[in-house]
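Just final.txt here, compact mmCIF, C-alpha atoms and all ligand atoms:
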# COMPACT_ATOMS: atom_id res chain seq x y z
CA MET Q 1 0.00 0.00 0.00
CA ASP Q 2 1.57 3.30 -0.98
CA VAL Q 3 1.41 6.30 1.27
CA VAL Q 4 -1.40 8.11 -0.59
CA GLU Q 5 -3.54 4.99 -0.68
CA ALA Q 6 -3.03 4.46 3.06
CA ILE Q 7 -3.98 8.07 3.85
CA ARG Q 8 -7.07 7.85 1.67
CA LYS Q 9 -8.15 4.49 3.06
CA ARG Q 10 -7.63 5.20 6.77
CA LYS Q 11 -10.89 5.68 8.56
CA SER Q 12 -12.19 5.37 12.09
CA ILE Q 13 -13.20 1.81 12.96
CA ARG Q 14 -15.88 1.56 15.63
CA LYS Q 15 -16.26 -2.20 15.99
CA PHE Q 16 -13.54 -4.81 16.10
CA LYS Q 17 -13.28 -8.58 15.96
CA PRO Q 18 -12.32 -10.07 19.33
CA ASP Q 19 -9.01 -11.49 17.99
CA THR Q 20 -6.07 -10.34 20.05
CA VAL Q 21 -3.34 -8.24 18.50
CA PRO Q 22 0.10 -9.75 19.12
CA ARG Q 23 2.42 -7.68 21.28
CA ASN Q 24 5.24 -7.84 18.70
CA VAL Q 25 2.92 -6.35 16.04
CA ILE Q 26 1.99 -3.42 18.29
CA ARG Q 27 5.65 -2.99 19.15
CA GLU Q 28 6.55 -2.81 15.46
CA ILE Q 29 3.79 -0.26 14.81
CA LEU Q 30 5.08 1.93 17.64
CA GLU Q 31 8.64 1.55 16.41
CA ILE Q 32 7.59 2.67 12.91
CA ALA Q 33 5.37 5.48 14.21
CA GLY Q 34 8.25 6.71 16.33
CA ARG Q 35 9.75 7.92 13.04
CA ALA Q 36 7.17 10.74 13.17
CA PRO Q 37 8.69 14.21 13.26
CA SER Q 38 8.77 16.27 16.43
CA GLY Q 39 9.96 19.77 17.26
CA MET Q 40 13.76 19.60 17.65
CA ASN Q 41 13.42 15.81 17.74
CA THR Q 42 12.18 15.98 21.33
CA GLN Q 43 9.90 12.91 20.78
CA PRO Q 44 7.69 13.95 23.67
CA TRP Q 45 5.30 11.01 23.32
CA GLU Q 46 4.95 8.07 25.66
CA PHE Q 47 2.66 5.11 25.14
CA ALA Q 48 0.76 2.74 27.36
CA VAL Q 49 -0.61 -0.32 25.56
CA LEU Q 50 -3.62 -2.07 27.08
CA THR Q 51 -5.03 -5.48 26.26
CA GLY Q 52 -6.40 -8.62 27.96
CA ASP Q 53 -7.72 -8.34 31.51
CA VAL Q 54 -6.45 -4.79 31.88
CA ILE Q 55 -8.41 -3.34 28.97
CA GLU Q 56 -11.52 -5.28 30.00
CA ARG Q 57 -11.32 -3.83 33.53
CA VAL Q 58 -10.84 -0.35 32.13
CA LYS Q 59 -13.85 -0.74 29.81
CA ASN Q 60 -16.07 -1.86 32.70
CA ALA Q 61 -14.82 0.82 35.07
CA ASN Q 62 -15.33 3.52 32.40
CA ILE Q 63 -18.97 2.48 32.09
CA GLU Q 64 -19.38 2.56 35.88
CA MET Q 65 -17.96 6.08 35.89
CA LEU Q 66 -20.30 7.10 33.09
CA ASP Q 67 -23.30 5.59 34.87
CA SER Q 68 -22.38 7.45 38.06
CA SER Q 69 -22.34 10.73 36.07
CA ALA Q 70 -18.69 11.33 36.98
CA PRO Q 71 -17.32 14.43 35.24
CA ILE Q 72 -15.77 13.53 31.89
CA GLY Q 73 -12.24 14.93 31.64
CA LEU Q 74 -11.12 14.75 28.02
CA GLY Q 75 -7.32 14.50 27.75
CA ASN Q 76 -7.20 17.36 25.31
CA PRO Q 77 -10.61 19.02 25.28
CA PRO Q 78 -11.89 19.88 21.79
CA GLY Q 79 -13.55 23.04 23.16
CA GLU Q 80 -17.14 24.17 23.00
CA LYS Q 81 -18.28 24.85 19.48
CA SER Q 82 -20.86 27.59 19.21
CA PRO Q 83 -23.96 26.44 17.33
CA ASP Q 84 -23.61 28.64 14.27
CA THR Q 85 -20.09 27.65 13.26
CA VAL Q 86 -19.02 25.35 10.46
CA TYR Q 87 -17.21 23.23 13.08
CA ARG Q 88 -20.42 22.55 14.95
CA ARG Q 89 -22.20 21.81 11.66
CA ARG Q 90 -19.55 19.23 10.72
CA GLN Q 91 -19.86 17.64 14.16
CA VAL Q 92 -23.64 17.42 13.83
CA GLU Q 93 -23.28 15.98 10.34
CA LEU Q 94 -20.98 13.22 11.63
CA ALA Q 95 -23.47 12.30 14.38
CA ARG Q 96 -26.27 12.30 11.82
CA MET Q 97 -24.34 9.92 9.56
CA ILE Q 98 -23.47 7.59 12.43
CA PHE Q 99 -27.03 7.49 13.80
CA ASN Q 100 -28.37 6.94 10.32
CA LEU Q 101 -26.13 3.93 9.72
CA MET Q 102 -26.96 2.57 13.18
CA ASP Q 103 -30.67 3.22 12.70
CA ILE Q 104 -30.81 5.37 15.83
CA HIS Q 105 -33.50 8.02 15.82
CA ARG Q 106 -32.84 11.49 17.21
CA GLU Q 107 -35.38 11.12 20.01
CA ASP Q 108 -34.26 7.62 20.99
CA THR Q 109 -32.28 8.65 24.06
CA LYS Q 110 -31.80 5.06 25.18
CA LYS Q 111 -30.11 3.95 21.96
CA ARG Q 112 -28.09 7.15 21.83
CA ALA Q 113 -26.82 6.50 25.35
CA GLN Q 114 -25.94 2.92 24.37
CA TRP Q 115 -24.00 4.25 21.40
CA LEU Q 116 -22.13 6.72 23.58
CA LYS Q 117 -21.07 3.90 25.90
CA ARG Q 118 -19.45 1.97 23.06
CA GLY Q 119 -16.75 4.65 22.79
CA PHE Q 120 -15.97 4.30 26.48
CA ARG Q 121 -15.52 0.56 25.85
CA PHE Q 122 -12.96 1.29 23.09
CA PHE Q 123 -15.55 0.10 20.56
CA ASP Q 124 -14.87 -3.50 21.69
CA ALA Q 125 -11.25 -3.27 20.58
CA PRO Q 126 -8.97 -5.96 22.00
CA ALA Q 127 -6.21 -3.37 22.46
CA ALA Q 128 -5.75 0.35 23.00
CA ILE Q 129 -2.81 2.69 22.91
CA ILE Q 130 -2.82 5.62 25.32
CA ILE Q 131 -0.63 8.51 24.18
CA MET Q 132 0.81 10.49 27.06
CA LEU Q 133 2.77 13.64 27.66
CA ASP Q 134 4.97 14.37 30.64
CA ARG Q 135 3.69 17.25 32.78
CA ALA Q 136 7.18 18.75 32.50
CA LEU Q 137 6.06 19.73 28.96
CA PRO Q 138 3.01 21.92 29.65
CA GLU Q 139 3.25 24.14 26.57
CA PRO Q 140 1.04 23.43 23.53
CA GLY Q 141 3.90 22.70 21.05
CA PRO Q 142 4.36 19.04 22.05
CA LEU Q 143 0.69 18.41 21.29
CA LEU Q 144 1.54 18.90 17.61
CA ASP Q 145 4.18 16.19 17.94
CA LEU Q 146 1.66 13.87 19.58
CA GLY Q 147 -0.75 14.52 16.72
CA ALA Q 148 1.92 13.51 14.22
CA VAL Q 149 2.68 10.26 16.01
CA MET Q 150 -1.04 9.57 16.50
CA GLN Q 151 -1.79 9.67 12.78
CA THR Q 152 1.38 7.74 11.96
CA ILE Q 153 0.29 4.94 14.31
CA CYS Q 154 -3.06 4.75 12.52
CA LEU Q 155 -1.40 4.55 9.11
CA ALA Q 156 1.24 2.02 10.18
CA ALA Q 157 -1.46 -0.18 11.74
CA MET Q 158 -3.09 -0.57 8.32
CA ASN Q 159 0.00 -2.38 7.08
CA TYR Q 160 -0.89 -5.21 9.50
CA GLY Q 161 -4.58 -5.34 8.55
CA LEU Q 162 -5.46 -3.45 11.72
CA GLY Q 163 -8.05 -0.74 12.16
CA THR Q 164 -7.98 2.17 14.58
CA CYS Q 165 -10.20 4.77 16.14
CA ILE Q 166 -8.58 7.81 17.68
CA GLU Q 167 -10.61 8.48 20.80
CA SER Q 168 -10.84 11.27 23.35
CA GLN Q 169 -13.46 9.11 25.02
CA GLY Q 170 -10.80 6.53 25.90
CA VAL Q 171 -8.93 8.98 28.13
CA SER Q 172 -11.99 10.58 29.69
CA PHE Q 173 -11.43 8.91 33.03
CA PRO Q 174 -7.67 9.05 33.73
CA VAL Q 175 -8.37 7.89 37.28
CA VAL Q 176 -9.57 4.56 35.85
CA LEU Q 177 -6.54 4.18 33.58
CA ARG Q 178 -4.19 5.01 36.45
CA LYS Q 179 -5.87 2.47 38.71
CA TYR Q 180 -5.30 -0.44 36.32
CA THR Q 181 -1.96 0.59 34.77
CA LYS Q 182 -0.30 2.39 37.69
CA ILE Q 183 0.71 5.18 35.29
CA SER Q 184 2.16 8.06 37.27
CA GLU Q 185 0.30 11.33 37.88
CA SER Q 186 3.27 13.01 36.19
CA LYS Q 187 1.95 11.82 32.81
CA ARG Q 188 -0.99 13.54 31.12
CA MET Q 189 -3.13 11.15 29.14
CA ILE Q 190 -3.82 13.05 25.95
CA ILE Q 191 -5.53 10.66 23.56
CA SER Q 192 -6.26 6.98 23.04
CA ILE Q 193 -6.31 4.81 19.94
CA ALA Q 194 -8.56 1.76 19.86
CA LEU Q 195 -6.75 -0.96 17.92
CA GLY Q 196 -7.86 -4.27 16.45
CA TYR Q 197 -9.01 -6.17 13.39
CA PRO Q 198 -12.01 -4.37 11.86
CA ASP Q 199 -15.42 -6.06 11.85
CA PRO Q 200 -16.40 -5.45 8.20
CA ASP Q 201 -20.10 -6.15 8.79
CA PHE Q 202 -20.71 -3.45 11.39
CA PRO Q 203 -22.72 -0.64 9.74
CA VAL Q 204 -20.71 2.30 11.10
CA ASN Q 205 -17.49 0.78 9.79
CA LYS Q 206 -18.87 1.56 6.33
CA LEU Q 207 -19.01 5.28 7.14
CA GLU Q 208 -17.11 7.47 4.69
CA SER Q 209 -16.72 10.78 6.50
CA THR Q 210 -16.75 13.87 4.33
CA ARG Q 211 -14.06 16.51 3.85
CA GLU Q 212 -14.17 20.14 2.92
CA PRO Q 213 -12.84 20.76 -0.61
CA VAL Q 214 -9.36 22.30 -0.78
CA GLU Q 215 -10.92 25.43 -2.37
CA ASN Q 216 -12.65 26.14 0.95
CA THR Q 217 -9.64 25.67 3.20
CA THR Q 218 -6.77 27.16 1.24
CA SER Q 219 -5.63 30.52 -0.06
CA TRP Q 220 -2.86 30.67 -2.64
CA HIS Q 221 -0.16 33.34 -2.80
CA GLY Q 222 2.40 34.17 -5.45
CA PHE Q 223 1.19 31.66 -8.07
C1 LIG C 301 -8.37 14.19 18.52
C2 LIG C 301 -9.46 13.24 18.08
C3 LIG C 301 -10.36 12.76 18.99
C4 LIG C 301 -11.37 11.87 18.59
N1 LIG C 301 -12.23 11.35 19.54
C5 LIG C 301 -13.19 10.50 19.15
C6 LIG C 301 -14.05 9.91 20.12
O1 LIG C 301 -13.93 10.15 21.32
N2 LIG C 301 -15.02 9.06 19.69
C7 LIG C 301 -15.16 8.74 18.36
O2 LIG C 301 -16.05 7.95 18.03
N3 LIG C 301 -14.33 9.26 17.42
C8 LIG C 301 -13.36 10.11 17.79
N4 LIG C 301 -12.50 10.64 16.85
C9 LIG C 301 -12.62 10.22 15.43
C10 LIG C 301 -13.24 11.33 14.57
O3 LIG C 301 -14.62 11.40 14.80
C11 LIG C 301 -12.92 10.98 13.10
O4 LIG C 301 -11.55 11.00 12.89
C12 LIG C 301 -13.59 11.97 12.14
O5 LIG C 301 -14.98 11.88 12.24
C13 LIG C 301 -13.18 11.70 10.69
O6 LIG C 301 -13.53 10.38 10.33
P1 LIG C 301 -12.46 9.31 9.84
O7 LIG C 301 -11.47 9.08 10.97
O8 LIG C 301 -13.26 8.05 9.58
O9 LIG C 301 -11.78 9.84 8.63
C14 LIG C 301 -11.48 11.50 17.23
C15 LIG C 301 -10.55 11.99 16.31
C16 LIG C 301 -9.54 12.83 16.72
C17 LIG C 301 -8.53 13.32 15.70
What do you get writing this file as structure tokens?
Amino acid sequence: MDVVEAIRKRKSIRKFKPDTVPRNVIREILEIAGRAPSGMNTQPWEFAVLTGDVIERVKNANIEMLDSSAPIGLGNPPGEKSPDTVYRRRQVELARMIFNLMDIHREDTKKRAQWLKRGFRFFDAPAAIIIMLDRALPEPGPLLDLGAVMQTICLAAMNYGLGTCIESQGVSFPVVLRKYTKISESKRMIISIALGYPDPDFPVNKLESTREPVENTTSWHGF
């Protein structure tokens, strides 16, 4: 698969087969993704890889937290989008497409809540990668580096027939992750990536999210 094909084919996978992902495969993906660029080659990323009993405990504890209405602390909050912006419209459009494919009606609060929970269970993925940043690096610059490695992980995973879903939901309850991984408070959990073999029959895995045409995002100078 060449690089353009991989970029075009990558998509969020929101249901996985139960098959485990071998540790050496994940290790290779992280080794490859570690070739991502970073400001002054600081490589500020750290990873925690969850599978087996640990990920199952995290999934269950996340749901308990959600059910107890614990405050959701996104690792890197996307920010409130005011209703009349294009960003909010794109967000609403994504939800509409997902609910359409899942046959969930707007007013069906029960099904919507069930859908929401799936994200907190890493969409049934057998593995997840948590991307972390040391609190000694509080400035926003390193977040760019983490974004680069995040996307590179998703692309590299495709080489092994694996699917991914980048997920803020997966790091919403750092207290849960710390309990089962003993990750130090000195590490901020920024984002998670659900990882596994895609279930091709699940309706939402057929979703082709839209993109704004280049004409709408780009201005050209000096041509
Ligand atoms: C920083 C970030 C956080 C995300 N968090 C979630 C999430 O919590 N739940 C989810 O279902 N998708 C999440 N996504 C996936 C986006 O919804 C998805 O990338 C976007 O809709 C484009 O679709 P595509 O990945 O299929 O191209 C996240 C993506 C990014 C980059």
Which chains and residue numbers are within 9 Å of ligand LIG 301 (chain C), counting only C-alpha atoms and all ligand atoms, if I want them as number ranges by chain? Q: 8-14, 74, 76-78, 90-91, 94-95, 116, 118-120, 122-123, 147, 150-151, 164-172, 190-193, 205, 207-211
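Taking CA of Asn100 (chain Q) and CA of Lys15 (chain Q) as the two end points, the separation is 16.2 Å.
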With a distance cut-off of 10 Å and all atoms listed in the file, select the neighbouring residues of Ala48 (chain Q), excluding the residue or stretch itself and same-chain residues fewer than 4 positions from it, and output the selection as a ChimeraX atom specification. /Q:128-132,177,181,183,189,192
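Interatomic distance, CA of Ser186 (chain Q) to CA of Arg135 (chain Q): 5.5 Å.
Remark: for Val175 (chain Q), the closest of the candidate residues Q:Pro18, Q:Pro71, Q:Gly52, Q:Pro44 is Q:Pro71 (distances computed over only C-alpha atoms).
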Counting only C-alpha atoms, which residue out of Q:Asp124, Q:Glu139, Q:Asp145, Q:Glu5 sits closest to Asp199 (chain Q)? Q:Asp124
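Pairwise distance (CA of Glu31 (chain Q), CA of Pro126 (chain Q)) equals 19.9 Å.
Among Q:Phe202, Q:Tyr180, Q:Phe99, Q:Phe16, the residue with the shortest atom-to-atom distance to Val49 (chain Q), counting all atoms listed in the file, is Q:Tyr180.
Point (-1.1, 1.7, 1.6) has the following residues at most 12 Å away: Met1, Asp2, Val3, Val4, Glu5, Ala6, Ile7, Arg8, Lys9, Arg10, Cys154, Leu155, Ala156, Ala157, Met158, Asn159, Tyr160 and Gly161 of chain Q (atoms considered: all atoms listed in the file).
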Neighbours of Thr42 (chain Q) within 9 Å (only C-alpha atoms; same-chain residues fewer than 4 positions away dropped), as a PyMOL selection string? chain Q and resi 37-38+142+145
